[in-house]
Each structure stands twice: as structure tokens, then as C-alpha cells.
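The structure appears right after this line, and notes come after that.
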Amino acid sequence: MDYINNHILTAILLFPVLAALIILFLPKDDNKLVRWSAFIASLVPFALSLLLWVKFDSTAVGFQFTEKYVWYAAINSSFFIGVDGLSLTMVLLTTLLTPLAILASFKIEDRVKAFMMLFLFLETGMLGVFLSLDLLIFFVFWEIGLVPMYFLINQWGSANRNYASLKFLIYTMAGSLGLLLAIQMLGVNFGTYDLQELFKLWPAASQLTNIPMGISIETVKTVAFWAFVIAFAIKVPVWPFHTWLPDAHTEAPTAGSMILAGVLLKLGAYGFLRLVLPLYPQESAKYAGVLAFLAVMAIVFGAFSAYGQKDFKRLVAYSSINHMGFVLLGIAAAAKSMGTLDANIALNGAILQMFNHGLSAAGMFFLVGVIYERTHTRNLDEMGGLFPLVPIYGGILIFTSMASLGLPGLNGFISEFLVVRGAFPVMTVYTSIAMLGLLFTGAYILKGIKNVLHGPLNERWVGHLTEINTREILVMVPLMALILVIGIWPSWILVVINNAVMALF
Amino acid sequence: MQFPILSVIVFTPMAASLLILLINPERKNEIRVAALCASILDLILSIWVYFSYDKLAAGYQFIEKYNWMPSFGIGYQVGVDGLSAPLVLLTGIVMFTGVLISWGIDDRPREFFAFLFILASGVFGVFVALDLFQLFFFYEIAVFPMYLLIAIWGWIKTREYAAMKLTLYLFIGSVISLVGALKTFDMLVLQQANFSPEFQILWFPFVFLGFAVLGGIFPFHNWSPDGHVAAPTAVSMFHAGVLMKLGAFAALRVGIMLLPLGAKHWAPWIMGLALVNVVYGAFIAMVQTDLKYVIGFSSVSHMGLVMLGFSTLTEQGMIGAGVQMFSHGVMTALLFAAVGMVYDRAHTREISKLGGMAKPLPLVAIAFIVAGLVSMGMPGFSGFVAEFPIFMGTWQVKPWVAILASISIVITASYIMLVIRRTFFGEVPAEFEGHIGPVRPTDKVALVFLSGIMVIIGIFPSIMVPWVQTGVRNVLSLLGGA
């Protein structure tokens, strides 16, 4: 038992890769075996992270279950992982969504083995980012997750996938360039990549000891701050760095979109919380207004753009920009009023919103995929009045949409309320505009539902459209259950999140 | 007396090439098997040398010393340190995989393998040489075939050819001047010679550039892509994989280690040239339409990183450069091997005419992708382990150079991804439909072997970095503990 306690994070992190390597040696033509192996393999990290959740001490301060091994001694970087409430929540989200996404892609017939292996590699990449306590290891996993996602979009995507996948890759890599340089600068200056040490050293640093630069430390810090912010803002994505997202989403296969919206976008927000706020407290407070402005633009423009879409999947993609805007708004408000109760509430809201958006966005993308598989169109104008044909699907779609809309009683309401409650006293104007944005959130979601389910029935689909099947319902059940549970009784997860917020900021 | 393992490594290929020349040219399979046996022997010995090198003791090990021409102070002296041990291993790896992927050569395999092995002997000889004359001797053996290549196929590039020849003569001149005072060619003695600062500053550029030309330094980089393109696959693997390292390595051994004060004086200039290499090479690679030229110019860009690492004269920068020499060697060997396999089947290297090769050649596609990711400096692969410390070293000297050089990362990513997509994915052009045969088992072994090495180093840097570190510390102590 001690062994499990001491190595549970490594087990969660590396099991997917191990499974992928085993899958490599399975017979090539037995698609069924490959699918089920991948699915069962992805349940193992989920089970382990449930165990982790149970064993996690939500009253303790600091990182738990830490493991540290020498990795690259010459530059003093070690394989150092651990969890706190923030990363634990994200680990749970990742390990939950991966099996669901794999289950959602059982329909894939083309090169199943490669697809499943890439998915498992992707899971390790994402988990690595959430678990790292070493800046270099963070960057390693940050970058390495791009590769499987690139190939998932590029190989299994729809018509315009080449453009979308390259745009995704180059955009993110270019964004990471500043991050890479800033990380190197920190490493050179302090001779360590250990995050806990850097949190102490860097905000207090008054000069660059090892770097011959003739400019003031304030300038360097500001530039490095923006290098971090831009790298993460691209991933979130924050307006105006969001243009890769609708393309990537639209072209990605359904399971790819689920993970992209459910987890990959969270990596950016996680970067803000894990690195930007602790490393740059002064700069974050100073530029909180700019961040809040960008967040509000994301909320408002995201909602408007979503409303304007004819493509169902693009509509959902823009809704992600809108929802992630609330995460950034919470972070910006907290950065400005660090240490106050408002800041705590806003951060709680932001982290919960990350989790909630992971659930609802993954669900929405899956539901779009379900209808697309049957109709082979995503054009909202070509649907209409489908409710009588697919009542169960309709019910699930409405339920998930309502969570996305922020209906009280479902999870989205709780987190958006907390963000707004925390941000309002700090940034009244921005928060008010953001709340107006919420109105448009309602508008585009209702538009989506109306165009798909209601209105005059498009006769084309009568007799062709089949009801959602059991496997697909099984994908949605855990998501819907969590959406409802968090909506009604959020305290089980907020305890964990709040503890991390209290300890960190 | 200790077993002369380094001499055995150096002379095995030469002996094998003589042996192969004695075999009846019609008995092609026996020739191939003989070549494979020799290369496996060398690979095993070089692995053994690498892993039994004592990192704690550091310094030069496995030393053998014989008098050769005592009246001129010329000896035969070999040994490895932490910098050359990985390069000996690299040569063993490239030789082994080069033989494997040349299995299908049907046109005069006897001469081909004999020629390849003489090249290998020369390369091994340079990496283990501790005597200046001997280093020069093996250097010429290794470089001579390249003169032929450039002379035969690269006639337009006579300028670069002349430049190479000229700088080599400059090098001879400077060697004579180095040796003049002390009447010895023993590099271990010369390292302690303490030449006067004026002398070092005067001769350093000639010595360094004379070798760095072979490492593809700007503005003498143009020979390399032409040379690579003209050569058959296994020779391209040797040229880009090992010969360019020969230049960089000798520039370090003779230039920086014998003339440390000169190196300190000229380091900013070298850094400037290296920066041009890194960025300009990446841009040139991006606009190429021939697959082999893309890789040729990407080598120019990557070797620029090696020079950049050296020119920082910091521990981290030089460690990175040392690992980059190995990593780039394996990576380029793999890239050229993969391109060769595509070319053998499609008979074109024009990227625009290729497509969909992943379907008939899945393993080649995977290997090319792995090498491409290494080339992009993707974390988790050996390229990152090498490039990251180079940039860290550069930060400590000239932060702006690090920032400018990092542009190459995105450029490299974009052209590598485009090349992968256009060559290996999409529709198979109609003319190739059904004509692309599968690769041979020997090819598969070579591809998996090379890819595996890059992944292992990427995940476990400690399998190579401590070796390089001991070598770098030695260099730094010569530089005055900088």
C-alpha cells in the first residue's frame, strides 16, 4: 500500500504510455480488441485518480504525493511531480474524459490502432502538465501533447484538416517560444527549475545575476510576464489569440474535439493559475485590467460569433471561447485583489468553471458528433424539427445545453456565479459587460437548440435519422450525472479547490 | 599490456575493406555478410568503449602510444575522453546502419563497401587521435572521398571546393607553426604549451575555420547540401551524420583546446557566424523542393547550433553542443536513410511529386516523423536535450542571440511538418500506385535502431550527458576555469 501511495502519480502518468506500447503489439486487423484494450486501459488511470481523490488530504497545505527523480542533472532539472487541489481537479477531469472520448470513437474504422495509441499518448502529455512541479518538465509535457493532437486532427479530421492542424501546431509552438525563452532565462538565472523554489526566488529577485542584460529587472520581468501570458492565452484561447480554435475544432474528429475543448484549453488556464500568478504577482496585479479586458472581449465576441455561426460545431467552438473568458475574468479579478475574500471566490469560480466547461463542452462536442455521424452535415439550416425523430437525443442535448447556458441547478451556474460574485466588487464595469455577454450566451444556445430540434421538420431526415444508441448514451451518462451533482451539491469539489486556493494565494 | 581496443576499432574497417576487395565480386551475398560482420564488431566495440569509459576518473582513457616517426616528434597516440566517446559510438552506429540499408545495392557492392569502410576508418581515426599529425592523416582519409564527390557532382560549386582546400592548407600552415616551437605533435603536450596570446589570436581563426568548414559554418556551408545530395544513401548518412561532426570536433580539439586564448578572443565572431547558420539555414531549408536538400540545409542549421554551443564557452552551452553532435548525427542518418528508401522506390525526391508514402511504407513514415520531431527540438527526444542547454549557455553570454536563434525552432517545425505531410500523407500519386514495394527487414532494423536511440536519450539524458560533461569540464579547465 505504501508503494502505491508513493508512486500513484507516476502510475497515473505513465500507464497510458505503457498501454499504448502494449497496443502496438496487438494484431492489426482486430479493431474490436484494440478498441476495448484502449478503453479498459484508459479506465485504469481514472480508477487510480479516484483513489487519489479519496486519499487526498484536503486540509493539508502544499503538494501531496510528491515524487522526485533526477532527470537532467547537468542543468539541474528533475522529474518532480505532485498534486494540490488545483491539479487534482484537472487530473480527475482528464482521466474521466479520456475513456469517454475513446468510447466515443468506437465508430472509427480507419487505422484504429494508431488512433488509440495517439489518444493514450495525448493523455500522458496532458496529465504531465497538470502534475509537473518542475518548470522544465512542465514545458516538456506542454509541448509533447501537441504532437498527438496534430496527428489526430491531421489524419482523422474532416476536409480542411491540413490547414487547421498546421495552424494549430504553428500557432501554439510560436506562442510557446516566448515561454521557452523565459523558462531558460529563469533557469539560467537561478540554476534551478524547481517550481517551489522559483516561486520564492523570482518574485523577490532584484537583479539578474547570471545574465548580462543592460536593462532593468522590471523590464525583464514585464517582458517575461507577457511571454508567459501569450503562451497560455493562445492555448485558452483568449481573444485575439483565438483564431486557431474554430478551425481546429471544426476539422478535428469528435473525440479530438472533446479532448481539445475538455482538457487542452484547460492547460492554458492552468498555466495562468500554476505559473503566472505565483511567479508574477506584481505584474499580474498591474496588468489585471488588460487581462480582464481581453476576458470580456472573449466573452462578448465569443457569444456574438457563436450566434452568427451556421455550422453547429463552430457554434460550440465559439461557445468555448465565451466560457473560457469567464475563467480568465476570474483570474484577472483575483490577480488584482490578491489575498482578499473576493479573490478567493473568483478563483474558486474560475477553477470550478474549468472543470465544468470540461464536462459540458466535451458533452456538446460529442452530441454534435452524434448528429453529424447520422446526417453528414453540420449546417444548422439543413436540420430542424428533429425532436420528434430523436426524443432521447433531444432531451440529452437540451440538458447539456442548459448546463452550458448556466441554468441554476446545473454546474455552469455555480461557477459563473462565483466568478461574477468575486469579480464584481473588484472590476465592476468589466463584470457588468461580461454579464451582458451572458445574455448572448443564452441567445446562441437557444438558437442552436431551436435550429436542430425545433421548428418545421426537415423531411429529408424522416426515416434516415436513428436514435442515439446505448454506447453513445453511456458516454453522456457520467457527464450528465456530474453536471447535475455539481449543480446541486458542489461542496464536495469546492472543498478541494478552495483548499488549494487558500494555500496558494 | 592492455588490449588495444581503440586501434582495433580504427583498423577493423580498413582491414575489412581489404578483405572485401579479395572476395570475388560475383559473390555479392558474401560481401554483404562480411561487411555486416565487420560493422557489428565495430559497433559492439564502440558500445563497450562508451559504457566502460570511467566518468569519475574523466580525462583521456584507453590510451595507446607508439612511436611512429620519432625524429619529427610524430607518434601514434589514441585515446577517448567524454567528448569523443559519444562520437565513436555515433560512428559505430552510423556504420552499422549504413551497411544495413545498403543491403540492396546491386551495382558493384564490393567497391561500395570497401570505399565506405575506408571512410569509416578515417572517421574513427580522427575521433580517437591524440597526435596532431595522426589527426590530420585520418582527417584527409575521411575527407578525400568528399573531394571526389564535389569534384564529380558539384562542379558548379568550385568556389566552395576551393574554399575547403584553401582552409585546409591554412590549417597545415598553422599546424606547422604550432609544432615549430615544441617539436612535438602530441596534443596532450601541446595543450599545456601556453602559446603567447598574440600567437593564439593570430592563428585561431585559421585553425578553427579550417575545420569548421567541414562542419558547414556560414559562409562556407554550401558544399554540404550538394555533397549530400550527390552521394548514395549510406554515404549521405556518413557525410551529414558523421563528417560534419568531424569538422566541429576537430575545430574544438585543435582550435579551442590548443588555442584557448584565441578562442576567448574570437568567440563573439564565431557566435555571430553560428547565429547566421542557425537562422539562415532554417529559412533556406524551408524553400527547398528536393527532399534531400531540405535535410541538407537543416543540417546546416543544426550544425550552427553546435557552433553556437561551442562559442558560448560555458559549461551548459558546450554540453549541449556535445550532445547535439551525437543527436544530430543519429537524426540525419535516419532522415537520409528514410529519404533513400523513398527515393529507391519512387525515383524522385521532388516533394511536390510525392505523397501518401505512409500507406506502403508505414515504418519509414514513423521513423521520419520521429527524426522530424528531434529536428524540431521537441521535448522527449534527443534534440531537446541537446538544444536546451545550448540556449541556456547562450543566455549567459548574449541573451539577444538566444532570442534570435530561437526563431529557427518555429521555422524548423513548419517545414518539417509540411514535408512530412506532403511526402507521407495525402493521396498517393497515380504513377506510384502499386509500384511502391515494402522495405527490406534490414532497413527496418536500421530505422527502429536509430529511432530508438533518439527516444532513449530524450527520455533519459543521463545516458549521455555525464560523459559529455566530463569532456567539457576538461575543455573549460584549459580555458582557465571559465
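Convention: chains lettered A, B, ... in C-alpha cells order; per-chain residue numbering from 1; ligands numbered from 1 as shown.
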Kindly provide the residues of chain A that approach chain B to within 7 Å, each paired with its closest atom pair and their distance in Å to one decimal, based on only C-alpha atoms, listed by chain and increasing number, as a Markdown table.
| residue | atom | partner | partner_atom | distance |
| --- | --- | --- | --- | --- |
| A:Trp71 | CA | B:Phe460 | CA | 6.9 |
| A:Tyr72 | CA | B:Pro461 | CA | 6.0 |
| A:Val140 | CA | B:Pro379 | CA | 4.9 |
| A:Glu143 | CA | B:Pro379 | CA | 6.6 |
| A:Ile144 | CA | B:Pro379 | CA | 6.2 |
| A:Ile170 | CA | B:Ser414 | CA | 6.6 |
| A:Met173 | CA | B:Val410 | CA | 6.6 |
| A:Ala174 | CA | B:Val410 | CA | 6.0 |
| A:Leu181 | CA | B:Ile403 | CA | 6.9 |
| A:Gln184 | CA | B:Met392 | CA | 5.8 |
| A:Met185 | CA | B:Trp395 | CA | 6.8 |
| A:Val188 | CA | B:Met392 | CA | 6.0 |
| A:Asn210 | CA | B:Gln396 | CA | 6.0 |
| A:Ile211 | CA | B:Gln396 | CA | 4.9 |
| A:Pro212 | CA | B:Val397 | CA | 6.6 |
Grab the residues selected above and save them as a tab-separated table (two decimals), in the first residue's frame with C-alpha atoms.
chain	number	residue	atom	x	y	z
A	71	TRP	CA	16.28	13.77	-14.78
A	72	TYR	CA	18.79	16.14	-16.28
A	140	VAL	CA	8.32	19.09	-21.88
A	143	GLU	CA	4.95	20.71	-25.99
A	144	ILE	CA	4.74	16.97	-26.32
A	170	ILE	CA	2.43	26.55	-35.50
A	173	MET	CA	4.58	26.45	-30.96
A	174	ALA	CA	5.15	30.09	-31.81
A	181	LEU	CA	12.94	31.64	-23.65
A	184	GLN	CA	15.51	29.36	-19.96
A	185	MET	CA	16.13	32.78	-18.53
A	188	VAL	CA	19.98	30.28	-16.12
A	210	ASN	CA	23.92	35.29	-14.42
A	211	ILE	CA	22.63	37.16	-17.44
A	212	PRO	CA	24.40	40.14	-18.95
* **Selection near A:Leu315, 10 Å with only C-alpha atoms, sequence-local residues under 5 positions removed, as a ChimeraX atom specification** => /A:246,250,302-310,320,380,444-445,447-448
* To do: With a distance cut-off of 8 Å and only C-alpha atoms, select the neighbouring residues of A:Gly157, excluding the residue or stretch itself and same-chain residues fewer than 4 positions from it, and output the selection as a ChimeraX atom specification.
  => /A:152-153,161,251-253
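Between atom CA of B:Phe218 and atom CA of B:Met286 lies a distance of 17.2 Å.
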* To do: Take atom CA of A:Pro388 and atom CA of A:Ala317 and report the distance between them in Å, one decimal.
  =>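 These atoms are spaced 26.5 Å apart.
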* To do: Find the residue from B:Pro197, B:Gly322, B:Gly82, B:Gly383 that sits nearest to B:Ile457; use only C-alpha atoms when measuring.
  => B:Gly383
* Considering only C-alpha atoms, return as a PyMOL selection string whatever protein or nucleic-acid residues lie within 9 Å of B:Gly480, sequence-local ones (same chain, fewer than 4 positions apart) excluded. => chain B and resi 260+475-476
* **For B:Val428: contacts at 7 Å, only C-alpha atoms, fewer than 5 positions along chain excluded, given as a PyMOL selection string** => chain B and resi 355-357+433
